[in-house]
>>> print(open('my_file.cif').read())   # mmCIF, C-alpha atoms, pLDDT in the B column; chains and numbers go by the auth columns
data_input
loop_
_atom_site.group_PDB
_atom_site.id
_atom_site.type_symbol
_atom_site.label_atom_id
_atom_site.label_comp_id
_atom_site.label_asym_id
_atom_site.label_seq_id
_atom_site.Cartn_x
_atom_site.Cartn_y
_atom_site.Cartn_z
_atom_site.B_iso_or_equiv
_atom_site.auth_seq_id
_atom_site.auth_asym_id
ATOM 1 C CA MET A 1 -8.593 20.643 -7.472 95.00 16 A
ATOM 2 C CA ASN A 2 -5.941 17.968 -8.107 97.00 17 A
ATOM 3 C CA LEU A 3 -5.222 14.929 -5.951 97.00 18 A
ATOM 4 C CA VAL A 4 -1.737 13.404 -6.168 97.00 19 A
ATOM 5 C CA ILE A 5 -0.896 10.078 -4.537 94.00 20 A
ATOM 6 C CA ASP A 6 2.590 8.657 -4.064 92.00 21 A
ATOM 7 C CA ILE A 7 2.620 4.997 -2.991 87.00 22 A
ATOM 8 C CA GLY A 8 6.021 4.097 -1.597 79.00 23 A
ATOM 9 C CA ASN A 9 7.468 0.889 -0.197 73.00 24 A
ATOM 10 C CA THR A 10 6.188 1.536 3.326 73.00 25 A
ATOM 11 C CA ARG A 11 4.129 4.736 3.248 81.00 26 A
ATOM 12 C CA THR A 12 1.582 6.412 1.007 87.00 27 A
ATOM 13 C CA LYS A 13 1.617 10.188 0.698 91.00 28 A
ATOM 14 C CA TRP A 14 -1.175 12.259 -0.791 94.00 29 A
ATOM 15 C CA ALA A 15 -1.607 15.956 -1.447 97.00 30 A
ATOM 16 C CA LEU A 16 -4.171 18.366 -2.840 97.00 31 A
ATOM 17 C CA PHE A 17 -3.247 21.156 -5.236 98.00 32 A
ATOM 18 C CA ASP A 18 -5.539 24.045 -6.100 95.00 33 A
ATOM 19 C CA LYS A 19 -4.378 26.027 -9.141 92.00 34 A
ATOM 20 C CA GLY A 20 -0.830 24.798 -8.637 94.00 35 A
ATOM 21 C CA VAL A 21 -0.682 25.599 -4.925 96.00 36 A
ATOM 22 C CA LEU A 22 -0.301 22.777 -2.400 97.00 37 A
ATOM 23 C CA VAL A 23 -3.262 22.934 -0.021 96.00 38 A
ATOM 24 C CA ILE A 24 -2.690 19.930 2.240 96.00 39 A
ATOM 25 C CA ASP A 25 -0.604 16.760 2.363 95.00 40 A
ATOM 26 C CA GLN A 26 -0.703 13.712 4.631 93.00 41 A
ATOM 27 C CA THR A 27 0.900 10.295 5.039 90.00 42 A
ATOM 28 C CA PHE A 28 -0.764 6.904 5.517 84.00 43 A
ATOM 29 C CA GLU A 29 0.443 3.334 5.802 77.00 44 A
ATOM 30 C CA SER A 30 0.555 1.869 2.300 70.00 45 A
ATOM 31 C CA GLY A 31 -1.990 -0.876 3.075 72.00 46 A
ATOM 32 C CA LEU A 32 -4.774 1.624 3.786 79.00 47 A
ATOM 33 C CA PHE A 33 -5.251 2.904 0.228 83.00 48 A
ATOM 34 C CA LEU A 34 -9.001 2.341 -0.142 86.00 49 A
ATOM 35 C CA THR A 35 -9.797 3.745 3.298 87.00 50 A
ATOM 36 C CA MET A 36 -7.641 6.765 2.547 88.00 51 A
ATOM 37 C CA VAL A 37 -9.374 7.458 -0.790 91.00 52 A
ATOM 38 C CA LYS A 38 -12.873 7.320 0.714 91.00 53 A
ATOM 39 C CA GLU A 39 -11.895 9.658 3.545 92.00 54 A
ATOM 40 C CA ILE A 40 -10.278 12.164 1.172 94.00 55 A
ATOM 41 C CA PHE A 41 -13.345 12.480 -1.059 95.00 56 A
ATOM 42 C CA GLU A 42 -15.689 12.754 1.900 95.00 57 A
ATOM 43 C CA VAL A 43 -13.803 15.844 3.043 95.00 58 A
ATOM 44 C CA TYR A 44 -12.823 17.221 -0.392 95.00 59 A
ATOM 45 C CA PRO A 45 -15.616 16.402 -2.879 93.00 60 A
ATOM 46 C CA LYS A 46 -14.454 19.069 -5.370 93.00 61 A
ATOM 47 C CA ILE A 47 -11.437 17.059 -6.508 96.00 62 A
ATOM 48 C CA SER A 48 -11.700 16.742 -10.300 95.00 63 A
ATOM 49 C CA ARG A 49 -8.507 14.907 -11.269 96.00 64 A
ATOM 50 C CA ALA A 50 -6.022 12.537 -9.667 97.00 65 A
ATOM 51 C CA ILE A 51 -2.647 11.013 -10.448 96.00 66 A
ATOM 52 C CA VAL A 52 -1.174 7.927 -8.805 94.00 67 A
ATOM 53 C CA ALA A 53 2.514 7.026 -8.734 93.00 68 A
ATOM 54 C CA SER A 54 3.370 3.678 -7.199 88.00 69 A
ATOM 55 C CA VAL A 55 6.682 1.874 -6.804 81.00 70 A
ATOM 56 C CA LYS A 56 4.577 -1.284 -6.326 77.00 71 A
ATOM 57 C CA LYS A 57 1.964 -2.694 -8.676 77.00 72 A
ATOM 58 C CA LEU A 58 -1.355 -1.007 -7.951 75.00 73 A
ATOM 59 C CA LYS A 59 -4.242 -3.429 -7.549 75.00 74 A
ATOM 60 C CA ASN A 60 -6.997 -3.133 -10.160 77.00 75 A
ATOM 61 C CA LYS A 61 -9.612 -2.671 -7.456 84.00 76 A
ATOM 62 C CA GLU A 62 -7.700 0.273 -5.964 83.00 77 A
ATOM 63 C CA PHE A 63 -7.449 2.058 -9.293 85.00 78 A
ATOM 64 C CA GLU A 64 -11.096 1.307 -10.149 89.00 79 A
ATOM 65 C CA VAL A 65 -12.349 2.725 -6.835 90.00 80 A
ATOM 66 C CA LEU A 66 -10.332 5.908 -7.244 92.00 81 A
ATOM 67 C CA SER A 67 -11.575 6.269 -10.828 93.00 82 A
ATOM 68 C CA LEU A 68 -15.162 6.239 -9.578 93.00 83 A
ATOM 69 C CA PHE A 69 -14.546 9.532 -7.795 94.00 84 A
ATOM 70 C CA CYS A 70 -12.682 11.468 -10.516 95.00 85 A
ATOM 71 C CA LYS A 71 -10.633 11.236 -13.704 95.00 86 A
ATOM 72 C CA THR A 72 -7.496 9.341 -12.742 94.00 87 A
ATOM 73 C CA HIS A 73 -4.093 9.016 -14.391 95.00 88 A
ATOM 74 C CA LEU A 74 -1.796 6.147 -13.383 93.00 89 A
ATOM 75 C CA LEU A 75 1.764 7.341 -13.933 95.00 90 A
ATOM 76 C CA SER A 76 3.711 4.880 -16.060 94.00 91 A
ATOM 77 C CA HIS A 77 6.480 4.783 -18.610 94.00 92 A
ATOM 78 C CA GLN A 78 3.844 5.453 -21.271 95.00 93 A
ATOM 79 C CA SER A 79 2.872 8.768 -19.656 96.00 94 A
ATOM 80 C CA SER A 80 3.914 11.962 -21.422 96.00 95 A
ATOM 81 C CA ILE A 81 6.841 13.781 -19.849 97.00 96 A
ATOM 82 C CA PRO A 82 7.967 17.385 -20.459 97.00 97 A
ATOM 83 C CA PHE A 83 11.713 16.768 -20.571 97.00 98 A
ATOM 84 C CA LYS A 84 14.135 14.866 -22.802 97.00 99 A
ATOM 85 C CA ASN A 85 14.869 11.494 -21.214 97.00 100 A
ATOM 86 C CA SER A 86 18.401 10.307 -21.993 97.00 101 A
ATOM 87 C CA TYR A 87 18.300 7.388 -19.590 97.00 102 A
ATOM 88 C CA ALA A 88 19.652 4.348 -21.459 97.00 103 A
ATOM 89 C CA SER A 89 16.801 2.124 -20.218 96.00 104 A
ATOM 90 C CA PRO A 90 13.832 4.512 -19.902 95.00 105 A
ATOM 91 C CA ASN A 91 11.364 1.684 -19.238 94.00 106 A
ATOM 92 C CA THR A 92 13.212 0.798 -16.033 94.00 107 A
ATOM 93 C CA LEU A 93 13.430 4.333 -14.667 96.00 108 A
ATOM 94 C CA GLY A 94 11.583 4.503 -11.357 93.00 109 A
ATOM 95 C CA ILE A 95 8.238 6.279 -11.369 94.00 110 A
ATOM 96 C CA ASP A 96 9.336 8.324 -8.365 94.00 111 A
ATOM 97 C CA ARG A 97 12.445 9.453 -10.227 96.00 112 A
ATOM 98 C CA ILE A 98 10.332 10.579 -13.189 97.00 113 A
ATOM 99 C CA ALA A 99 8.305 12.766 -10.827 97.00 114 A
ATOM 100 C CA LEU A 100 11.433 14.237 -9.229 98.00 115 A
ATOM 101 C CA ALA A 101 12.963 14.987 -12.622 98.00 116 A
ATOM 102 C CA THR A 102 9.724 16.725 -13.657 98.00 117 A
ATOM 103 C CA ALA A 103 9.779 18.874 -10.528 98.00 118 A
ATOM 104 C CA ALA A 104 13.376 19.867 -11.304 98.00 119 A
ATOM 105 C CA PHE A 105 12.488 20.669 -14.923 98.00 120 A
ATOM 106 C CA TYR A 106 9.679 23.060 -13.958 98.00 121 A
ATOM 107 C CA THR A 107 11.029 24.503 -10.706 97.00 122 A
ATOM 108 C CA TYR A 108 14.548 25.224 -11.960 97.00 123 A
ATOM 109 C CA PRO A 109 14.210 25.714 -15.734 96.00 124 A
ATOM 110 C CA LYS A 110 17.453 25.929 -17.703 94.00 125 A
ATOM 111 C CA GLN A 111 19.502 25.131 -14.606 97.00 126 A
ATOM 112 C CA ASN A 112 21.766 22.220 -13.766 98.00 127 A
ATOM 113 C CA THR A 113 19.843 20.520 -10.972 98.00 128 A
ATOM 114 C CA LEU A 114 20.708 17.490 -8.860 98.00 129 A
ATOM 115 C CA VAL A 115 17.824 16.001 -6.875 98.00 130 A
ATOM 116 C CA ILE A 116 18.729 13.735 -3.947 98.00 131 A
ATOM 117 C CA ASP A 117 15.859 11.719 -2.486 96.00 132 A
ATOM 118 C CA LEU A 118 16.612 10.215 0.927 95.00 133 A
ATOM 119 C CA GLY A 119 13.986 7.507 1.137 90.00 134 A
ATOM 120 C CA THR A 120 14.087 3.714 1.378 90.00 135 A
ATOM 121 C CA CYS A 121 16.919 4.042 -1.110 93.00 136 A
ATOM 122 C CA ILE A 122 18.937 7.151 -1.865 96.00 137 A
ATOM 123 C CA THR A 123 18.401 8.260 -5.446 97.00 138 A
ATOM 124 C CA TYR A 124 20.407 10.878 -7.311 98.00 139 A
ATOM 125 C CA ASP A 125 18.791 12.418 -10.402 98.00 140 A
ATOM 126 C CA MET A 126 20.465 14.929 -12.710 98.00 141 A
ATOM 127 C CA MET A 127 18.618 17.400 -14.933 98.00 142 A
ATOM 128 C CA ASN A 128 20.930 19.599 -17.006 98.00 143 A
ATOM 129 C CA ASP A 129 20.414 23.166 -18.156 97.00 144 A
ATOM 130 C CA TYR A 130 19.119 21.936 -21.532 96.00 145 A
ATOM 131 C CA GLY A 131 16.133 20.259 -19.879 96.00 146 A
ATOM 132 C CA GLU A 132 17.667 16.812 -20.389 98.00 147 A
ATOM 133 C CA TYR A 133 17.459 14.067 -17.798 98.00 148 A
ATOM 134 C CA LEU A 134 20.807 12.275 -17.637 98.00 149 A
ATOM 135 C CA GLY A 135 20.344 9.679 -14.895 98.00 150 A
ATOM 136 C CA GLY A 136 22.129 9.430 -11.586 98.00 151 A
ATOM 137 C CA ALA A 137 22.644 6.751 -8.943 98.00 152 A
ATOM 138 C CA ILE A 138 20.887 4.526 -6.420 97.00 153 A
ATOM 139 C CA SER A 139 22.303 3.417 -3.059 97.00 154 A
ATOM 140 C CA PRO A 140 20.971 1.951 0.220 96.00 155 A
ATOM 141 C CA GLY A 141 18.979 4.336 2.389 94.00 156 A
ATOM 142 C CA PHE A 142 19.268 5.158 6.070 93.00 157 A
ATOM 143 C CA ALA A 143 17.116 2.394 7.581 93.00 158 A
ATOM 144 C CA MET A 144 18.285 -0.135 4.999 96.00 159 A
ATOM 145 C CA ARG A 145 21.894 0.230 6.176 97.00 160 A
ATOM 146 C CA TYR A 146 20.970 -0.444 9.781 96.00 161 A
ATOM 147 C CA ARG A 147 18.829 -3.433 8.785 96.00 162 A
ATOM 148 C CA ALA A 148 21.568 -4.883 6.569 97.00 163 A
ATOM 149 C CA MET A 149 24.113 -4.921 9.406 97.00 164 A
ATOM 150 C CA HIS A 150 21.592 -6.585 11.716 97.00 165 A
ATOM 151 C CA GLN A 151 20.236 -9.128 9.244 96.00 166 A
ATOM 152 C CA GLN A 152 23.526 -10.089 7.615 96.00 167 A
ATOM 153 C CA THR A 153 25.422 -10.732 10.860 96.00 168 A
ATOM 154 C CA ASP A 154 24.881 -12.833 13.974 92.00 169 A
ATOM 155 C CA GLY A 155 25.900 -10.292 16.583 90.00 170 A
ATOM 156 C CA LEU A 156 24.978 -6.760 15.504 96.00 171 A
ATOM 157 C CA PRO A 157 21.749 -5.248 16.907 96.00 172 A
ATOM 158 C CA LEU A 158 19.042 -3.412 14.976 96.00 173 A
ATOM 159 C CA LEU A 159 19.424 0.280 15.806 95.00 174 A
ATOM 160 C CA GLU A 160 17.540 3.506 15.240 92.00 175 A
ATOM 161 C CA PRO A 161 19.461 6.665 14.204 89.00 176 A
ATOM 162 C CA GLU A 162 20.775 8.882 16.974 86.00 177 A
ATOM 163 C CA ASP A 163 21.892 12.502 17.025 83.00 178 A
ATOM 164 C CA HIS A 164 25.305 13.825 18.094 76.00 179 A
ATOM 165 C CA ILE A 165 27.358 10.760 17.269 79.00 180 A
ATOM 166 C CA ASP A 166 31.153 11.196 17.296 87.00 181 A
ATOM 167 C CA PHE A 167 32.890 9.771 14.263 90.00 182 A
ATOM 168 C CA ILE A 168 35.025 7.585 16.568 93.00 183 A
ATOM 169 C CA GLY A 169 32.683 5.001 18.033 92.00 184 A
ATOM 170 C CA ASN A 170 33.831 3.548 21.360 94.00 185 A
ATOM 171 C CA THR A 171 31.146 0.835 21.602 95.00 186 A
ATOM 172 C CA THR A 172 29.622 -1.516 19.056 95.00 187 A
ATOM 173 C CA LYS A 173 26.456 0.591 18.904 95.00 188 A
ATOM 174 C CA THR A 174 28.227 3.933 18.515 95.00 189 A
ATOM 175 C CA SER A 175 30.553 2.370 15.941 95.00 190 A
ATOM 176 C CA MET A 176 27.540 1.261 13.932 95.00 191 A
ATOM 177 C CA HIS A 177 25.970 4.716 14.214 96.00 192 A
ATOM 178 C CA SER A 178 29.224 6.292 13.077 95.00 193 A
ATOM 179 C CA GLY A 179 29.494 3.941 10.128 95.00 194 A
ATOM 180 C CA VAL A 180 25.964 4.628 8.916 96.00 195 A
ATOM 181 C CA ILE A 181 25.647 8.345 9.615 95.00 196 A
ATOM 182 C CA ASN A 182 29.168 9.444 8.715 94.00 197 A
ATOM 183 C CA GLY A 183 29.250 7.034 5.801 95.00 198 A
ATOM 184 C CA MET A 184 26.106 8.616 4.376 95.00 199 A
ATOM 185 C CA LEU A 185 27.425 12.120 5.005 95.00 200 A
ATOM 186 C CA HIS A 186 30.643 11.369 3.142 95.00 201 A
ATOM 187 C CA GLU A 187 28.668 9.739 0.320 97.00 202 A
ATOM 188 C CA LEU A 188 26.354 12.730 0.004 96.00 203 A
ATOM 189 C CA ASN A 189 29.064 15.377 0.172 95.00 204 A
ATOM 190 C CA GLY A 190 31.358 13.411 -2.129 96.00 205 A
ATOM 191 C CA THR A 191 28.647 12.808 -4.710 97.00 206 A
ATOM 192 C CA ILE A 192 27.562 16.456 -4.691 96.00 207 A
ATOM 193 C CA ASN A 193 31.174 17.525 -5.205 96.00 208 A
ATOM 194 C CA GLN A 194 31.524 15.117 -8.149 97.00 209 A
ATOM 195 C CA TYR A 195 28.515 16.709 -9.828 98.00 210 A
ATOM 196 C CA LYS A 196 29.759 20.214 -9.061 97.00 211 A
ATOM 197 C CA ASP A 197 33.059 19.405 -10.763 97.00 212 A
ATOM 198 C CA ARG A 198 31.205 18.521 -13.968 97.00 213 A
ATOM 199 C CA PHE A 199 28.245 20.934 -13.948 97.00 214 A
ATOM 200 C CA GLU A 200 28.547 24.671 -13.429 92.00 215 A
ATOM 201 C CA HIS A 201 26.155 26.561 -11.150 95.00 216 A
ATOM 202 C CA LEU A 202 24.667 23.351 -9.792 97.00 217 A
ATOM 203 C CA THR A 203 21.446 23.555 -7.768 97.00 218 A
ATOM 204 C CA VAL A 204 21.090 20.719 -5.257 97.00 219 A
ATOM 205 C CA ILE A 205 17.679 19.675 -3.890 97.00 220 A
ATOM 206 C CA LEU A 206 17.392 17.376 -0.882 97.00 221 A
ATOM 207 C CA THR A 207 14.066 15.634 -0.366 96.00 222 A
ATOM 208 C CA GLY A 208 12.601 12.463 1.109 92.00 223 A
ATOM 209 C CA GLY A 209 11.817 11.198 4.579 88.00 224 A
ATOM 210 C CA ASP A 210 15.363 11.407 5.948 91.00 225 A
ATOM 211 C CA ALA A 211 16.245 14.770 4.396 92.00 226 A
ATOM 212 C CA GLN A 212 15.784 16.782 7.601 90.00 227 A
ATOM 213 C CA PHE A 213 18.227 14.571 9.477 91.00 228 A
ATOM 214 C CA PHE A 214 21.012 15.392 7.021 92.00 229 A
ATOM 215 C CA VAL A 215 20.244 18.892 5.767 89.00 230 A
ATOM 216 C CA LYS A 216 21.964 20.621 8.699 86.00 231 A
ATOM 217 C CA ARG A 217 24.919 18.245 8.584 88.00 232 A
ATOM 218 C CA LEU A 218 25.916 18.614 4.940 90.00 233 A
ATOM 219 C CA LYS A 219 28.794 20.920 4.081 84.00 234 A
ATOM 220 C CA ASN A 220 27.395 21.760 0.659 80.00 235 A
ATOM 221 C CA SER A 221 24.818 24.465 -0.017 81.00 236 A
ATOM 222 C CA ILE A 222 21.506 22.745 -0.700 90.00 237 A
ATOM 223 C CA PHE A 223 17.767 23.425 -0.773 93.00 238 A
ATOM 224 C CA ALA A 224 15.538 21.127 1.297 93.00 239 A
ATOM 225 C CA ASN A 225 12.059 20.507 -0.097 95.00 240 A
ATOM 226 C CA SER A 226 10.088 17.642 1.409 92.00 241 A
ATOM 227 C CA LYS A 227 7.226 18.183 -1.082 95.00 242 A
ATOM 228 C CA PHE A 228 9.325 18.024 -4.245 97.00 243 A
ATOM 229 C CA LEU A 229 8.017 14.658 -5.465 96.00 244 A
ATOM 230 C CA LEU A 230 4.403 15.655 -4.816 97.00 245 A
ATOM 231 C CA GLU A 231 4.956 18.873 -6.780 98.00 246 A
ATOM 232 C CA GLY A 232 6.408 16.844 -9.636 98.00 247 A
ATOM 233 C CA LEU A 233 3.331 14.628 -9.705 98.00 248 A
ATOM 234 C CA ASN A 234 1.053 17.644 -9.907 98.00 249 A
ATOM 235 C CA TYR A 235 3.061 18.989 -12.840 98.00 250 A
ATOM 236 C CA LEU A 236 2.739 15.596 -14.559 98.00 251 A
ATOM 237 C CA LEU A 237 -1.014 15.512 -13.941 97.00 252 A
ATOM 238 C CA GLU A 238 -1.393 18.886 -15.608 97.00 253 A
ATOM 239 C CA TYR A 239 0.899 17.851 -18.472 97.00 254 A
ATOM 240 C CA ASN A 240 -1.107 14.673 -19.126 96.00 255 A
ATOM 241 C CA LYS A 241 -4.560 16.300 -18.996 88.00 256 A
ATOM 242 C CA SER A 242 -5.128 15.842 -22.684 67.00 257 A
#
>>> encode(input="my_file.cif", output="structure tokens")
Amino acid sequence: MNLVIDIGNTRTKWALFDKGVLVIDQTFESGLFLTMVKEIFEVYPKISRAIVASVKKLKNKEFEVLSLFCKTHLLSHQSSIPFKNSYASPNTLGIDRIALATAAFYTYPKQNTLVIDLGTCITYDMMNDYGEYLGGAISPGFAMRYRAMHQQTDGLPLLEPEDHIDFIGNTTKTSMHSGVINGMLHELNGTINQYKDRFEHLTVILTGGDAQFFVKRLKNSIFANSKFLLEGLNYLLEYNKS
């Protein structure tokens, strides 16, 4: 049984895979890593291998504790990857993006695949039909846009997303909602169309914490998969067994 752990900026996600099949996944606050690890192994003592992907530097103690329970691989730029990486600065490519590209490589082999991760930031990652990772884009995420308007001005409030917002805002709050939500929709649809113009038979995957908010609003045909990054980590764990 494999344990995969994804440590993000605010949340930590973990999942168990048994023979390639996802058995369970849960989310914790990122500061509860050691507590989370102990609880996992109390309930699932048959875990034999683990992989950790962290956008933040993992503390030595955290890695050492996890390694006491099973063989552990810390995903890094020195890890083996199954695809050709044509990113101009491979040592700066985000660990999360490596996992997403791996999931695209295995799940949609020999297909042009664009993975859009709606997390703290929005990341776009392109895997072509030759199994070559080309790169993509990074832009501010949902919550980040609301925070930026609040923190960088004196008068704008900090808002939470709302459903059913008209594109013409008739108050300051609805104008802000329109700017964020419709702005992101236009960005997403426009970016997908740019990729479709260049790559034939493009498969588009939407993942990340805010994916469900936008999946029903996008005009383009997409596949939503909230577990895509976790699946990519499991593929990488298997690939780096040796």
>>> atom_distance(input="my_file.cif", atom1="atom CA of A:Thr218", atom2="atom CA of A:Thr107")
25.6 Å
>>> closest_residue(input="my_file.cif", among="A:Asn197, A:Ser154, A:Asn106, A:Thr186", to="A:Cys136", atoms="only C-alpha atoms")
A:Ser154
>>> atom_distance(input="my_file.cif", atom1="atom CA of A:Ser241", atom2="atom CA of A:Leu173")
26.6 Å
>>> atom_distance(input="my_file.cif", atom1="atom CA of A:Leu89", atom2="atom CA of A:Asp40")
19.0 Å
>>> resolve_selection(input="my_file.cif", expression="the PyMOL selection byres ((chain A and resi 130) around 8)", output="JSON list (two decimals) with C-alpha atoms, keeping the file's coordinate frame")
[["chain", "number", "residue", "atom", "x", "y", "z"],
["A", 115, "LEU", "CA", 11.43, 14.24, -9.23],
["A", 116, "ALA", "CA", 12.96, 14.99, -12.62],
["A", 119, "ALA", "CA", 13.38, 19.87, -11.30],
["A", 128, "THR", "CA", 19.84, 20.52, -10.97],
["A", 129, "LEU", "CA", 20.71, 17.49, -8.86],
["A", 131, "ILE", "CA", 18.73, 13.74, -3.95],
["A", 132, "ASP", "CA", 15.86, 11.72, -2.49],
["A", 138, "THR", "CA", 18.40, 8.26, -5.45],
["A", 139, "TYR", "CA", 20.41, 10.88, -7.31],
["A", 140, "ASP", "CA", 18.79, 12.42, -10.40],
["A", 141, "MET", "CA", 20.46, 14.93, -12.71],
["A", 219, "VAL", "CA", 21.09, 20.72, -5.26],
["A", 220, "ILE", "CA", 17.68, 19.68, -3.89],
["A", 221, "LEU", "CA", 17.39, 17.38, -0.88],
["A", 222, "THR", "CA", 14.07, 15.63, -0.37]]
>>> resolve_selection(input="my_file.cif", expression="the PyMOL selection byres ((chain A and resi 23) around 8)", output="ChimeraX atom specification")
/A:21-22,24-28,45,69-71
>>> closest_residue(input="my_file.cif", among="A:Thr168, A:Thr135, A:Ser193, A:Asn185", to="A:Gly224", atoms="all atoms listed in the file")
A:Thr135
>>> resolve_selection(input="my_file.cif", expression="the PyMOL selection byres ((chain A and resi 191) around 12)", output="PyMOL selection string")
chain A and resi 160-165+170-177+180-190+192-198
>>> axis_aligned_box(input="my_file.cif", around="stretch 76-87 of chain A", padding_each_side="3 Å", output="JSON")
{"center_x": -11.3, "center_y": 4.4, "center_z": -9.8, "size_x": 13.7, "size_y": 20.1, "size_z": 13.7}
>>> closest_residue(input="my_file.cif", among="A:Met199, A:Ile62, A:Leu47, A:Ile153", to="A:Lys86", atoms="only C-alpha atoms")
A:Ile62
>>> decode(input="my_file.cif", residues="stretch 129-146 of chain A", atoms="N, CA, C and O atoms", output="PDB file, in the first residue's frame")
ATOM      1  N   LEU A 129      -3.724  19.504 -21.506  1.00  0.00           N
ATOM      2  CA  LEU A 129      -3.525  20.711 -20.714  1.00  0.00           C
ATOM      3  C   LEU A 129      -4.137  20.490 -19.338  1.00  0.00           C
ATOM      4  O   LEU A 129      -5.326  20.199 -19.223  1.00  0.00           O
ATOM      5  N   VAL A 130      -3.320  20.629 -18.301  1.00  0.00           N
ATOM      6  CA  VAL A 130      -3.793  20.467 -16.927  1.00  0.00           C
ATOM      7  C   VAL A 130      -3.870  21.852 -16.284  1.00  0.00           C
ATOM      8  O   VAL A 130      -2.880  22.582 -16.240  1.00  0.00           O
ATOM      9  N   ILE A 131      -5.054  22.190 -15.776  1.00  0.00           N
ATOM     10  CA  ILE A 131      -5.261  23.473 -15.101  1.00  0.00           C
ATOM     11  C   ILE A 131      -5.558  23.189 -13.638  1.00  0.00           C
ATOM     12  O   ILE A 131      -6.534  22.524 -13.309  1.00  0.00           O
ATOM     13  N   ASP A 132      -4.692  23.689 -12.769  1.00  0.00           N
ATOM     14  CA  ASP A 132      -4.826  23.470 -11.326  1.00  0.00           C
ATOM     15  C   ASP A 132      -5.266  24.773 -10.679  1.00  0.00           C
ATOM     16  O   ASP A 132      -4.518  25.755 -10.648  1.00  0.00           O
ATOM     17  N   LEU A 133      -6.505  24.777 -10.157  1.00  0.00           N
ATOM     18  CA  LEU A 133      -7.054  25.967  -9.516  1.00  0.00           C
ATOM     19  C   LEU A 133      -6.827  25.885  -8.012  1.00  0.00           C
ATOM     20  O   LEU A 133      -7.684  25.440  -7.252  1.00  0.00           O
ATOM     21  N   GLY A 134      -5.643  26.285  -7.600  1.00  0.00           N
ATOM     22  CA  GLY A 134      -5.277  26.273  -6.196  1.00  0.00           C
ATOM     23  C   GLY A 134      -4.962  27.670  -5.710  1.00  0.00           C
ATOM     24  O   GLY A 134      -5.601  28.641  -6.128  1.00  0.00           O
ATOM     25  N   THR A 135      -3.977  27.798  -4.819  1.00  0.00           N
ATOM     26  CA  THR A 135      -3.555  29.116  -4.350  1.00  0.00           C
ATOM     27  C   THR A 135      -3.201  29.995  -5.536  1.00  0.00           C
ATOM     28  O   THR A 135      -3.576  31.168  -5.604  1.00  0.00           O
ATOM     29  N   CYS A 136      -2.460  29.425  -6.470  1.00  0.00           N
ATOM     30  CA  CYS A 136      -2.263  30.019  -7.790  1.00  0.00           C
ATOM     31  C   CYS A 136      -2.939  29.124  -8.823  1.00  0.00           C
ATOM     32  O   CYS A 136      -3.213  27.957  -8.564  1.00  0.00           O
ATOM     33  N   ILE A 137      -3.202  29.685  -9.993  1.00  0.00           N
ATOM     34  CA  ILE A 137      -3.662  28.886 -11.117  1.00  0.00           C
ATOM     35  C   ILE A 137      -2.425  28.492 -11.915  1.00  0.00           C
ATOM     36  O   ILE A 137      -1.629  29.360 -12.293  1.00  0.00           O
ATOM     37  N   THR A 138      -2.248  27.203 -12.137  1.00  0.00           N
ATOM     38  CA  THR A 138      -1.138  26.765 -12.980  1.00  0.00           C
ATOM     39  C   THR A 138      -1.695  26.065 -14.213  1.00  0.00           C
ATOM     40  O   THR A 138      -2.687  25.350 -14.147  1.00  0.00           O
ATOM     41  N   TYR A 139      -1.040  26.318 -15.330  1.00  0.00           N
ATOM     42  CA  TYR A 139      -1.360  25.670 -16.601  1.00  0.00           C
ATOM     43  C   TYR A 139      -0.142  24.847 -16.995  1.00  0.00           C
ATOM     44  O   TYR A 139       0.985  25.376 -17.034  1.00  0.00           O
ATOM     45  N   ASP A 140      -0.344  23.566 -17.291  1.00  0.00           N
ATOM     46  CA  ASP A 140       0.768  22.681 -17.638  1.00  0.00           C
ATOM     47  C   ASP A 140       0.415  21.882 -18.876  1.00  0.00           C
ATOM     48  O   ASP A 140      -0.619  21.198 -18.915  1.00  0.00           O
ATOM     49  N   MET A 141       1.304  21.935 -19.873  1.00  0.00           N
ATOM     50  CA  MET A 141       1.041  21.328 -21.178  1.00  0.00           C
ATOM     51  C   MET A 141       1.953  20.135 -21.441  1.00  0.00           C
ATOM     52  O   MET A 141       3.180  20.247 -21.413  1.00  0.00           O
ATOM     53  N   MET A 142       1.324  18.981 -21.662  1.00  0.00           N
ATOM     54  CA  MET A 142       2.019  17.764 -22.069  1.00  0.00           C
ATOM     55  C   MET A 142       1.577  17.430 -23.488  1.00  0.00           C
ATOM     56  O   MET A 142       0.381  17.266 -23.748  1.00  0.00           O
ATOM     57  N   ASN A 143       2.534  17.361 -24.430  1.00  0.00           N
ATOM     58  CA  ASN A 143       2.119  17.108 -25.815  1.00  0.00           C
ATOM     59  C   ASN A 143       2.029  15.614 -26.113  1.00  0.00           C
ATOM     60  O   ASN A 143       2.313  14.770 -25.268  1.00  0.00           O
ATOM     61  N   ASP A 144       1.612  15.308 -27.332  1.00  0.00           N
ATOM     62  CA  ASP A 144       1.358  13.910 -27.687  1.00  0.00           C
ATOM     63  C   ASP A 144       2.639  13.112 -27.918  1.00  0.00           C
ATOM     64  O   ASP A 144       2.576  11.922 -28.238  1.00  0.00           O
ATOM     65  N   TYR A 145       3.797  13.752 -27.742  1.00  0.00           N
ATOM     66  CA  TYR A 145       5.073  13.030 -27.781  1.00  0.00           C
ATOM     67  C   TYR A 145       5.571  12.707 -26.363  1.00  0.00           C
ATOM     68  O   TYR A 145       6.701  12.241 -26.206  1.00  0.00           O
ATOM     69  N   GLY A 146       4.761  12.986 -25.364  1.00  0.00           N
ATOM     70  CA  GLY A 146       5.199  12.763 -23.990  1.00  0.00           C
ATOM     71  C   GLY A 146       6.225  13.776 -23.539  1.00  0.00           C
ATOM     72  O   GLY A 146       7.085  13.477 -22.704  1.00  0.00           O
TER      73      GLY A 146
END
